[in-house]
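Student: File final.cif below, mmCIF, N, CA and C atoms:
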data_input
#
loop_
_atom_site.label_atom_id
_atom_site.label_comp_id
_atom_site.auth_asym_id
_atom_site.auth_seq_id
_atom_site.Cartn_x
_atom_site.Cartn_y
_atom_site.Cartn_z
N LEU A 1 -19.64 14.70 -30.16
CA LEU A 1 -19.07 13.53 -29.55
C LEU A 1 -19.17 12.34 -30.49
N HIS A 2 -18.22 11.46 -30.38
CA HIS A 2 -18.24 10.21 -31.13
C HIS A 2 -19.47 9.40 -30.71
N PRO A 3 -20.14 8.70 -31.64
CA PRO A 3 -21.36 7.96 -31.28
C PRO A 3 -21.17 6.99 -30.12
N SER A 4 -19.99 6.38 -30.00
CA SER A 4 -19.79 5.42 -28.91
C SER A 4 -19.71 6.11 -27.55
N LEU A 5 -19.50 7.44 -27.55
CA LEU A 5 -19.40 8.17 -26.29
C LEU A 5 -20.69 8.89 -25.93
N GLN A 6 -21.72 8.75 -26.75
CA GLN A 6 -23.00 9.39 -26.44
C GLN A 6 -23.62 8.72 -25.22
N PRO A 7 -24.20 9.49 -24.31
CA PRO A 7 -24.84 8.89 -23.15
C PRO A 7 -26.07 8.09 -23.57
N PRO A 8 -26.37 7.03 -22.84
CA PRO A 8 -27.56 6.24 -23.15
C PRO A 8 -28.81 7.04 -22.81
N PRO A 9 -29.99 6.58 -23.24
CA PRO A 9 -31.23 7.24 -22.84
C PRO A 9 -31.31 7.33 -21.32
N SER A 10 -32.01 8.32 -20.81
CA SER A 10 -32.04 8.57 -19.36
C SER A 10 -32.56 7.38 -18.57
N SER A 11 -33.47 6.57 -19.12
CA SER A 11 -33.97 5.43 -18.39
C SER A 11 -32.90 4.37 -18.21
N ALA A 12 -31.98 4.25 -19.15
CA ALA A 12 -30.92 3.26 -19.05
C ALA A 12 -29.76 3.76 -18.20
N CYS A 13 -29.83 5.01 -17.80
CA CYS A 13 -28.71 5.65 -17.11
C CYS A 13 -28.94 5.73 -15.61
N ALA A 14 -29.94 5.07 -15.09
CA ALA A 14 -30.29 5.22 -13.69
C ALA A 14 -29.17 4.81 -12.74
N ASP A 15 -28.41 3.76 -13.08
CA ASP A 15 -27.37 3.31 -12.16
C ASP A 15 -25.97 3.57 -12.68
N THR A 16 -25.83 4.50 -13.64
CA THR A 16 -24.51 4.82 -14.15
C THR A 16 -24.22 6.29 -13.92
N THR A 17 -22.95 6.62 -13.95
CA THR A 17 -22.51 8.00 -13.80
C THR A 17 -21.53 8.29 -14.92
N LEU A 18 -21.63 9.45 -15.53
CA LEU A 18 -20.70 9.85 -16.58
C LEU A 18 -19.63 10.73 -15.97
N LEU A 19 -18.41 10.40 -16.27
CA LEU A 19 -17.28 11.20 -15.80
C LEU A 19 -16.51 11.71 -17.00
N GLY A 20 -16.03 12.92 -16.93
CA GLY A 20 -15.17 13.45 -17.98
C GLY A 20 -13.72 13.22 -17.60
N ALA A 21 -12.96 12.68 -18.52
CA ALA A 21 -11.55 12.43 -18.27
C ALA A 21 -10.74 13.10 -19.36
N THR A 22 -9.74 13.88 -18.99
CA THR A 22 -8.91 14.54 -19.97
C THR A 22 -7.82 13.57 -20.42
N CYS A 23 -7.74 13.38 -21.71
CA CYS A 23 -6.74 12.47 -22.28
C CYS A 23 -5.62 13.31 -22.87
N GLY A 24 -4.59 12.64 -23.36
CA GLY A 24 -3.47 13.35 -23.98
C GLY A 24 -3.95 14.22 -25.13
N GLY A 25 -3.33 15.37 -25.33
CA GLY A 25 -3.71 16.28 -26.39
C GLY A 25 -4.91 17.14 -26.05
N GLY A 26 -5.39 17.10 -24.81
CA GLY A 26 -6.49 17.94 -24.39
C GLY A 26 -7.86 17.39 -24.76
N ALA A 27 -7.93 16.21 -25.36
CA ALA A 27 -9.22 15.64 -25.71
C ALA A 27 -9.94 15.18 -24.45
N THR A 28 -11.23 15.23 -24.47
CA THR A 28 -12.03 14.79 -23.32
C THR A 28 -12.79 13.53 -23.71
N GLN A 29 -12.76 12.56 -22.84
CA GLN A 29 -13.46 11.31 -23.08
C GLN A 29 -14.44 11.10 -21.93
N LEU A 30 -15.63 10.63 -22.24
CA LEU A 30 -16.61 10.35 -21.21
C LEU A 30 -16.50 8.88 -20.82
N LEU A 31 -16.53 8.64 -19.54
CA LEU A 31 -16.45 7.28 -19.03
C LEU A 31 -17.75 6.95 -18.33
N ARG A 32 -18.31 5.79 -18.62
CA ARG A 32 -19.51 5.35 -17.94
C ARG A 32 -19.11 4.36 -16.85
N LEU A 33 -19.46 4.66 -15.65
CA LEU A 33 -19.13 3.79 -14.52
C LEU A 33 -20.40 3.46 -13.75
N LYS A 34 -20.52 2.24 -13.35
CA LYS A 34 -21.62 1.86 -12.47
C LYS A 34 -21.43 2.59 -11.15
N SER A 35 -22.52 2.99 -10.54
CA SER A 35 -22.43 3.72 -9.28
C SER A 35 -21.77 2.89 -8.20
N SER A 36 -21.87 1.55 -8.28
CA SER A 36 -21.23 0.72 -7.27
C SER A 36 -19.72 0.81 -7.36
N LEU A 37 -19.18 1.16 -8.54
CA LEU A 37 -17.73 1.30 -8.68
C LEU A 37 -17.23 2.60 -8.06
N LEU A 38 -18.14 3.55 -7.88
CA LEU A 38 -17.73 4.84 -7.36
C LEU A 38 -17.70 4.88 -5.84
N THR A 39 -18.28 3.92 -5.20
CA THR A 39 -18.26 3.90 -3.75
C THR A 39 -16.92 3.37 -3.28
N ALA A 40 -16.22 4.16 -2.53
CA ALA A 40 -14.89 3.78 -2.06
C ALA A 40 -15.01 3.07 -0.72
N GLU A 41 -14.10 2.17 -0.51
CA GLU A 41 -14.04 1.49 0.78
C GLU A 41 -12.99 2.20 1.63
N HIS A 42 -13.41 2.66 2.77
CA HIS A 42 -12.50 3.37 3.68
C HIS A 42 -12.10 2.43 4.79
N ARG A 43 -10.80 2.33 5.04
CA ARG A 43 -10.28 1.48 6.10
C ARG A 43 -9.36 2.29 6.98
N VAL A 44 -9.35 1.94 8.23
CA VAL A 44 -8.37 2.51 9.14
C VAL A 44 -7.17 1.56 9.10
N VAL A 45 -6.02 2.10 8.75
CA VAL A 45 -4.81 1.29 8.71
C VAL A 45 -3.81 1.85 9.71
N SER A 46 -2.97 0.98 10.19
CA SER A 46 -1.91 1.37 11.11
C SER A 46 -0.59 1.23 10.38
N CYS A 47 0.09 2.35 10.14
CA CYS A 47 1.34 2.36 9.40
C CYS A 47 2.52 2.56 10.34
N ALA A 48 3.63 1.94 9.99
CA ALA A 48 4.85 2.08 10.78
C ALA A 48 6.03 2.15 9.82
N PHE A 49 6.97 3.03 10.12
CA PHE A 49 8.24 3.07 9.42
C PHE A 49 9.26 2.40 10.31
N LEU A 50 9.99 1.46 9.76
CA LEU A 50 11.01 0.74 10.51
C LEU A 50 12.35 1.00 9.83
N GLN A 51 13.26 1.67 10.54
CA GLN A 51 14.59 1.91 9.99
C GLN A 51 15.51 0.79 10.46
N LEU A 52 16.19 0.19 9.50
CA LEU A 52 17.10 -0.91 9.81
C LEU A 52 18.50 -0.33 9.99
N GLY A 53 18.86 -0.05 11.23
CA GLY A 53 20.18 0.49 11.53
C GLY A 53 21.13 -0.61 11.92
N GLY A 54 22.41 -0.24 12.05
CA GLY A 54 23.41 -1.21 12.48
C GLY A 54 23.86 -2.15 11.39
N LEU A 55 23.61 -1.81 10.14
CA LEU A 55 24.05 -2.66 9.03
C LEU A 55 25.44 -2.29 8.55
N GLY A 56 25.99 -1.22 9.09
CA GLY A 56 27.32 -0.77 8.69
C GLY A 56 27.92 0.08 9.79
N ALA A 57 28.92 0.88 9.44
CA ALA A 57 29.64 1.69 10.42
C ALA A 57 28.75 2.76 11.06
N GLY A 58 27.94 3.41 10.26
CA GLY A 58 27.03 4.44 10.77
C GLY A 58 25.59 3.98 10.71
N LEU A 59 24.69 4.82 11.21
CA LEU A 59 23.27 4.47 11.23
C LEU A 59 22.72 4.23 9.83
N CYS A 60 23.16 5.04 8.87
CA CYS A 60 22.62 4.95 7.51
C CYS A 60 23.51 4.14 6.57
N ASP A 61 24.59 3.59 7.07
CA ASP A 61 25.51 2.84 6.22
C ASP A 61 25.11 1.38 6.11
N ILE A 62 25.44 0.79 4.97
CA ILE A 62 25.23 -0.64 4.75
C ILE A 62 26.60 -1.26 4.54
N GLY A 63 27.01 -2.14 5.48
CA GLY A 63 28.33 -2.75 5.42
C GLY A 63 28.46 -3.77 4.30
N SER A 64 27.44 -4.59 4.12
CA SER A 64 27.49 -5.61 3.07
C SER A 64 26.08 -5.90 2.58
N ALA A 65 26.01 -6.39 1.37
CA ALA A 65 24.71 -6.76 0.80
C ALA A 65 24.11 -7.92 1.58
N GLU A 66 24.97 -8.81 2.08
CA GLU A 66 24.47 -9.97 2.83
C GLU A 66 23.79 -9.54 4.12
N ALA A 67 24.36 -8.55 4.81
CA ALA A 67 23.75 -8.05 6.05
C ALA A 67 22.40 -7.41 5.77
N ALA A 68 22.33 -6.62 4.70
CA ALA A 68 21.06 -5.98 4.34
C ALA A 68 20.01 -7.03 3.95
N GLN A 69 20.45 -8.04 3.20
CA GLN A 69 19.52 -9.10 2.79
C GLN A 69 18.99 -9.86 4.00
N GLU A 70 19.86 -10.18 4.94
CA GLU A 70 19.42 -10.91 6.14
C GLU A 70 18.46 -10.07 6.97
N ALA A 71 18.73 -8.77 7.08
CA ALA A 71 17.83 -7.89 7.83
C ALA A 71 16.45 -7.81 7.17
N LEU A 72 16.43 -7.69 5.85
CA LEU A 72 15.15 -7.62 5.14
C LEU A 72 14.39 -8.95 5.22
N LEU A 73 15.10 -10.06 5.18
CA LEU A 73 14.44 -11.35 5.35
C LEU A 73 13.82 -11.47 6.74
N THR A 74 14.51 -10.94 7.75
CA THR A 74 13.98 -10.94 9.12
C THR A 74 12.68 -10.14 9.17
N VAL A 75 12.66 -8.97 8.54
CA VAL A 75 11.46 -8.15 8.52
C VAL A 75 10.33 -8.86 7.77
N GLN A 76 10.64 -9.48 6.64
CA GLN A 76 9.62 -10.19 5.87
C GLN A 76 9.03 -11.35 6.66
N ARG A 77 9.87 -12.10 7.34
CA ARG A 77 9.37 -13.22 8.14
C ARG A 77 8.48 -12.72 9.28
N ALA A 78 8.92 -11.65 9.94
CA ALA A 78 8.14 -11.10 11.04
C ALA A 78 6.81 -10.53 10.53
N ALA A 79 6.84 -9.87 9.37
CA ALA A 79 5.60 -9.32 8.79
C ALA A 79 4.61 -10.44 8.50
N ALA A 80 5.10 -11.55 7.98
CA ALA A 80 4.21 -12.69 7.71
C ALA A 80 3.67 -13.26 9.01
N ALA A 81 4.51 -13.35 10.03
CA ALA A 81 4.08 -13.91 11.31
C ALA A 81 3.04 -13.03 11.99
N PHE A 82 3.20 -11.71 11.91
CA PHE A 82 2.28 -10.78 12.56
C PHE A 82 1.13 -10.37 11.64
N LYS A 83 1.11 -10.88 10.41
CA LYS A 83 0.08 -10.55 9.42
C LYS A 83 -0.02 -9.05 9.21
N VAL A 84 1.14 -8.46 8.92
CA VAL A 84 1.26 -7.04 8.60
C VAL A 84 1.87 -6.96 7.21
N ALA A 85 1.37 -6.07 6.39
CA ALA A 85 1.85 -5.95 5.01
C ALA A 85 3.13 -5.12 4.97
N LEU A 86 4.13 -5.63 4.28
CA LEU A 86 5.34 -4.87 3.98
C LEU A 86 5.09 -4.19 2.65
N LEU A 87 4.75 -2.90 2.71
CA LEU A 87 4.33 -2.19 1.51
C LEU A 87 5.50 -1.70 0.66
N ARG A 88 6.56 -1.27 1.31
CA ARG A 88 7.66 -0.66 0.57
C ARG A 88 8.96 -0.80 1.34
N THR A 89 10.02 -1.03 0.61
CA THR A 89 11.36 -1.01 1.17
C THR A 89 12.10 0.13 0.49
N ILE A 90 12.67 1.02 1.28
CA ILE A 90 13.33 2.22 0.76
C ILE A 90 14.80 2.13 1.13
N VAL A 91 15.66 2.21 0.13
CA VAL A 91 17.11 2.20 0.35
C VAL A 91 17.65 3.45 -0.32
N ASP A 92 18.17 4.38 0.48
CA ASP A 92 18.74 5.60 -0.06
C ASP A 92 19.81 6.12 0.89
N ASP A 93 20.16 7.40 0.77
CA ASP A 93 21.21 7.96 1.62
C ASP A 93 20.82 8.03 3.09
N LYS A 94 19.56 7.80 3.41
CA LYS A 94 19.10 7.80 4.80
C LYS A 94 19.10 6.40 5.39
N GLY A 95 19.55 5.40 4.62
CA GLY A 95 19.62 4.04 5.12
C GLY A 95 18.53 3.17 4.53
N VAL A 96 18.23 2.08 5.22
CA VAL A 96 17.22 1.13 4.78
C VAL A 96 16.01 1.30 5.69
N ARG A 97 14.85 1.57 5.08
CA ARG A 97 13.62 1.74 5.84
C ARG A 97 12.53 0.91 5.21
N CYS A 98 11.61 0.46 6.03
CA CYS A 98 10.47 -0.33 5.56
C CYS A 98 9.19 0.36 5.97
N LEU A 99 8.24 0.40 5.06
CA LEU A 99 6.91 0.91 5.35
C LEU A 99 6.00 -0.30 5.55
N LEU A 100 5.44 -0.40 6.74
CA LEU A 100 4.60 -1.54 7.13
C LEU A 100 3.19 -1.03 7.42
N ALA A 101 2.19 -1.86 7.14
CA ALA A 101 0.81 -1.45 7.40
C ALA A 101 -0.03 -2.65 7.82
N GLY A 102 -0.77 -2.46 8.88
CA GLY A 102 -1.77 -3.42 9.30
C GLY A 102 -3.14 -2.83 9.00
N GLY A 103 -4.06 -3.65 8.54
CA GLY A 103 -5.40 -3.17 8.24
C GLY A 103 -5.69 -3.05 6.77
N VAL A 104 -4.69 -3.31 5.92
CA VAL A 104 -4.95 -3.28 4.48
C VAL A 104 -5.69 -4.57 4.11
N PRO A 105 -6.39 -4.58 2.97
CA PRO A 105 -7.13 -5.79 2.60
C PRO A 105 -6.25 -7.04 2.62
N GLY A 106 -6.75 -8.06 3.24
CA GLY A 106 -6.00 -9.29 3.40
C GLY A 106 -5.26 -9.38 4.72
N PHE A 107 -5.11 -8.26 5.40
CA PHE A 107 -4.37 -8.21 6.66
C PHE A 107 -5.17 -7.50 7.75
N ALA A 108 -6.46 -7.33 7.58
CA ALA A 108 -7.26 -6.54 8.50
C ALA A 108 -7.76 -7.38 9.67
N ALA A 109 -7.69 -6.80 10.85
CA ALA A 109 -8.23 -7.41 12.07
C ALA A 109 -8.43 -6.28 13.08
N GLU A 110 -9.01 -6.61 14.21
CA GLU A 110 -9.27 -5.58 15.21
C GLU A 110 -8.01 -5.08 15.90
N ASP A 111 -6.95 -5.87 15.89
CA ASP A 111 -5.73 -5.51 16.61
C ASP A 111 -4.61 -5.06 15.66
N ASP A 112 -4.96 -4.36 14.58
CA ASP A 112 -3.98 -3.95 13.58
C ASP A 112 -2.85 -3.11 14.16
N ALA A 113 -3.20 -2.12 14.97
CA ALA A 113 -2.17 -1.23 15.54
C ALA A 113 -1.23 -2.01 16.44
N TRP A 114 -1.78 -2.90 17.26
CA TRP A 114 -0.94 -3.70 18.15
C TRP A 114 0.02 -4.57 17.36
N ARG A 115 -0.46 -5.19 16.28
CA ARG A 115 0.39 -6.07 15.47
C ARG A 115 1.49 -5.29 14.77
N ALA A 116 1.19 -4.08 14.27
CA ALA A 116 2.21 -3.27 13.60
C ALA A 116 3.31 -2.86 14.58
N VAL A 117 2.92 -2.43 15.77
CA VAL A 117 3.91 -2.02 16.77
C VAL A 117 4.68 -3.23 17.29
N SER A 118 4.00 -4.35 17.48
CA SER A 118 4.67 -5.56 17.95
C SER A 118 5.67 -6.07 16.92
N LEU A 119 5.35 -5.93 15.66
CA LEU A 119 6.29 -6.31 14.60
C LEU A 119 7.56 -5.47 14.68
N CYS A 120 7.41 -4.19 14.85
CA CYS A 120 8.59 -3.30 14.96
C CYS A 120 9.41 -3.66 16.19
N ALA A 121 8.75 -3.93 17.31
CA ALA A 121 9.48 -4.29 18.52
C ALA A 121 10.21 -5.61 18.35
N ALA A 122 9.58 -6.58 17.70
CA ALA A 122 10.22 -7.88 17.46
C ALA A 122 11.42 -7.74 16.55
N CYS A 123 11.30 -6.92 15.52
CA CYS A 123 12.43 -6.70 14.61
C CYS A 123 13.57 -5.98 15.31
N ALA A 124 13.25 -4.98 16.13
CA ALA A 124 14.29 -4.27 16.86
C ALA A 124 15.03 -5.20 17.82
N GLU A 125 14.29 -6.10 18.44
CA GLU A 125 14.91 -7.05 19.36
C GLU A 125 15.79 -8.06 18.63
N GLU A 126 15.31 -8.55 17.49
CA GLU A 126 16.05 -9.57 16.76
C GLU A 126 17.25 -9.01 16.02
N LEU A 127 17.10 -7.80 15.50
CA LEU A 127 18.19 -7.20 14.72
C LEU A 127 19.18 -6.52 15.65
#
Represent the structure from my file as C-alpha cells, please.
Tutor:
Amino acid sequence: LHPSLQPPPSSACADTTLLGATCGGGATQLLRLKSSLLTAEHRVVSCAFLQLGGLGAGLCDIGSAEAAQEALLTVQRAAAAFKVALLRTIVDDKGVRCLLAGGVPGFAAEDDAWRAVSLCAACAEEL
C-alpha cells in the first residue's frame, strides 16, 4: 500500500473505520472515516406522486408549454405552503408527474403524511 494509505497505529484508530473502495481500473483505496460519519439518520417520509392531467386533449398530453408551466407553478406554490418538498418533476410519454415528500430534512413535522395528502388534494381542486 502507498504510505498515505497505511492505517494509523491501533491507539489512534479507536474512533475511525477503514473501508475498502474499488476505484477505476480495479485498484483498491482505503478510506478512513470517523465512526460518527457512518451512522445514518433514518427518517419516515411520506411520498406522493401527483399526475398533472388535463393539460391537453388526453390525460398524458400537454396542449401548451404555458399550461404546463402554470400547472407546475401551482404545485410549487402549494408545496411551499404545505411545507412539502417537490423532489422531482417527470415529463415523458406518461404525462407530467411530480414526486412530493414530507418528512425530508427541512420539511419534517409530525403531520407529514397529512400535509402531503392535503397538498395533492389542494392541487387537484385548483387544477
Student: Find, counting only C-alpha atoms, the residue in A:Gln69, A:Leu55, A:Glu126, A:Cys120 that gets nearest to Leu86 (chain A).
Tutor: A:Cys120
Student: Find the distance between CA of Thr74 (chain A) and atom N of Leu127 (chain A) and write it in Å to one decimal.
Tutor: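 According to the coordinates, CA of Thr74 (chain A) and atom N of Leu127 (chain A) are separated by 7.8 Å.
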Student: Since I can't run it myself right now, could you work out what the PyMOL selection byres ((chain A and resi 42-47) around 6) selects here and report it as a list in words?
Tutor: Ala40, Glu41, Ala48, Phe49, Leu100, Ala101, Gly102, Gly103, Val104, Asp112 and Ala113 of chain A
Student: Next, the residues of the selection above should be written as a short mmCIF file (atom, residue, chain, number, x, y, z; two decimals), in the frame of the given file with N, CA and C atoms.
Tutor:
data_model
loop_
_atom_site.label_atom_id
_atom_site.label_comp_id
_atom_site.auth_asym_id
_atom_site.auth_seq_id
_atom_site.Cartn_x
_atom_site.Cartn_y
_atom_site.Cartn_z
N ALA A 40 -16.22 4.16 -2.53
CA ALA A 40 -14.89 3.78 -2.06
C ALA A 40 -15.01 3.07 -0.72
N GLU A 41 -14.10 2.17 -0.51
CA GLU A 41 -14.04 1.49 0.78
C GLU A 41 -12.99 2.20 1.63
N ALA A 48 3.63 1.94 9.99
CA ALA A 48 4.85 2.08 10.78
C ALA A 48 6.03 2.15 9.82
N PHE A 49 6.97 3.03 10.12
CA PHE A 49 8.24 3.07 9.42
C PHE A 49 9.26 2.40 10.31
N LEU A 100 5.44 -0.40 6.74
CA LEU A 100 4.60 -1.54 7.13
C LEU A 100 3.19 -1.03 7.42
N ALA A 101 2.19 -1.86 7.14
CA ALA A 101 0.81 -1.45 7.40
C ALA A 101 -0.03 -2.65 7.82
N GLY A 102 -0.77 -2.46 8.88
CA GLY A 102 -1.77 -3.42 9.30
C GLY A 102 -3.14 -2.83 9.00
N GLY A 103 -4.06 -3.65 8.54
CA GLY A 103 -5.40 -3.17 8.24
C GLY A 103 -5.69 -3.05 6.77
N VAL A 104 -4.69 -3.31 5.92
CA VAL A 104 -4.95 -3.28 4.48
C VAL A 104 -5.69 -4.57 4.11
N ASP A 112 -4.96 -4.36 14.58
CA ASP A 112 -3.98 -3.95 13.58
C ASP A 112 -2.85 -3.11 14.16
N ALA A 113 -3.20 -2.12 14.97
CA ALA A 113 -2.17 -1.23 15.54
C ALA A 113 -1.23 -2.01 16.44
#
Student: Record the distance separating atom C of Asp61 (chain A) and atom N of Cys98 (chain A), expressed in Å with one decimal.
Tutor: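 It comes out at 13.5 Å.
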Student: Carefully work through the PyMOL selection byres (((chain A and resi 115 and name CA) around 8) and name CA) for this structure and note down the residues it includes, as a list in words.
Tutor: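 When the PyMOL selection byres (((chain A and resi 115 and name CA) around 8) and name CA) is applied to the shown file, the picked residues are Phe82, Lys83, Val84, Gly102, Asp111, Asp112, Ala113, Trp114, Ala116, Val117, Ser118 and Leu119 of chain A.
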Student: Which residues are near Leu87 (chain A)? Cut-off 5 Å, only N, CA and C atoms, ignore same chain within fewer than 2 positions. Put them as a list in words.
Tutor: Ala85, Thr89, Leu99 and Leu100 of chain A
Student: Let me see the file: selected residues, N, CA and C atoms, as a compact mmCIF listing (two decimals), keeping the file's coordinate frame.
Tutor:
# COMPACT_ATOMS: atom_id res chain seq x y z
N ALA A 85 1.37 -6.07 6.39
CA ALA A 85 1.85 -5.95 5.01
C ALA A 85 3.13 -5.12 4.97
N THR A 89 10.02 -1.03 0.61
CA THR A 89 11.36 -1.01 1.17
C THR A 89 12.10 0.13 0.49
N LEU A 99 8.24 0.40 5.06
CA LEU A 99 6.91 0.91 5.35
C LEU A 99 6.00 -0.30 5.55
N LEU A 100 5.44 -0.40 6.74
CA LEU A 100 4.60 -1.54 7.13
C LEU A 100 3.19 -1.03 7.42
Student: What does the structure give for the distance between atom C of Glu66 (chain A) and atom C of Ala81 (chain A), in Å to one decimal?
Tutor: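 Distance between the two atoms: 22.5 Å.
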Student: May I have all residues of region 42-127 of chain A that DSSP, computed from the backbone, assigns to helix (DSSP H, G or I), given as a PyMOL selection string?
Tutor: chain A and resi 65-82+112-126
Student: Decode the PyMOL selection byres (((chain A and resi 60 and name CA) around 9) and name CA) for the given file into explicit residues and return them as an mmCIF file with N, CA and C atoms, keeping the file's coordinate frame.
Tutor:
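Produced file expr10.cif, reproduced below:
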data_model
loop_
_atom_site.group_PDB
_atom_site.id
_atom_site.type_symbol
_atom_site.label_atom_id
_atom_site.label_comp_id
_atom_site.auth_asym_id
_atom_site.auth_seq_id
_atom_site.Cartn_x
_atom_site.Cartn_y
_atom_site.Cartn_z
ATOM 1 N N GLN A 51 13.260 1.670 10.540
ATOM 2 C CA GLN A 51 14.590 1.910 9.990
ATOM 3 C C GLN A 51 15.510 0.790 10.460
ATOM 4 N N LEU A 52 16.190 0.190 9.500
ATOM 5 C CA LEU A 52 17.100 -0.910 9.810
ATOM 6 C C LEU A 52 18.500 -0.330 9.990
ATOM 7 N N GLY A 53 18.860 -0.050 11.230
ATOM 8 C CA GLY A 53 20.180 0.490 11.530
ATOM 9 C C GLY A 53 21.130 -0.610 11.920
ATOM 10 N N GLY A 54 22.410 -0.240 12.050
ATOM 11 C CA GLY A 54 23.410 -1.210 12.480
ATOM 12 C C GLY A 54 23.860 -2.150 11.390
ATOM 13 N N LEU A 55 23.610 -1.810 10.140
ATOM 14 C CA LEU A 55 24.050 -2.660 9.030
ATOM 15 C C LEU A 55 25.440 -2.290 8.550
ATOM 16 N N GLY A 56 25.990 -1.220 9.090
ATOM 17 C CA GLY A 56 27.320 -0.770 8.690
ATOM 18 C C GLY A 56 27.920 0.080 9.790
ATOM 19 N N ALA A 57 28.920 0.880 9.440
ATOM 20 C CA ALA A 57 29.640 1.690 10.420
ATOM 21 C C ALA A 57 28.750 2.760 11.060
ATOM 22 N N GLY A 58 27.940 3.410 10.260
ATOM 23 C CA GLY A 58 27.030 4.440 10.770
ATOM 24 C C GLY A 58 25.590 3.980 10.710
ATOM 25 N N LEU A 59 24.690 4.820 11.210
ATOM 26 C CA LEU A 59 23.270 4.470 11.230
ATOM 27 C C LEU A 59 22.720 4.230 9.830
ATOM 28 N N ASP A 61 24.590 3.590 7.070
ATOM 29 C CA ASP A 61 25.510 2.840 6.220
ATOM 30 C C ASP A 61 25.110 1.380 6.110
ATOM 31 N N ILE A 62 25.440 0.790 4.970
ATOM 32 C CA ILE A 62 25.230 -0.640 4.750
ATOM 33 C C ILE A 62 26.600 -1.260 4.540
ATOM 34 N N ASP A 92 18.170 4.380 0.480
ATOM 35 C CA ASP A 92 18.740 5.600 -0.060
ATOM 36 C C ASP A 92 19.810 6.120 0.890
ATOM 37 N N ASP A 93 20.160 7.400 0.770
ATOM 38 C CA ASP A 93 21.210 7.960 1.620
ATOM 39 C C ASP A 93 20.820 8.030 3.090
ATOM 40 N N LYS A 94 19.560 7.800 3.410
ATOM 41 C CA LYS A 94 19.100 7.800 4.800
ATOM 42 C C LYS A 94 19.100 6.400 5.390
ATOM 43 N N GLY A 95 19.550 5.400 4.620
ATOM 44 C CA GLY A 95 19.620 4.040 5.120
ATOM 45 C C GLY A 95 18.530 3.170 4.530
ATOM 46 N N VAL A 96 18.230 2.080 5.220
ATOM 47 C CA VAL A 96 17.220 1.130 4.780
ATOM 48 C C VAL A 96 16.010 1.300 5.690
#
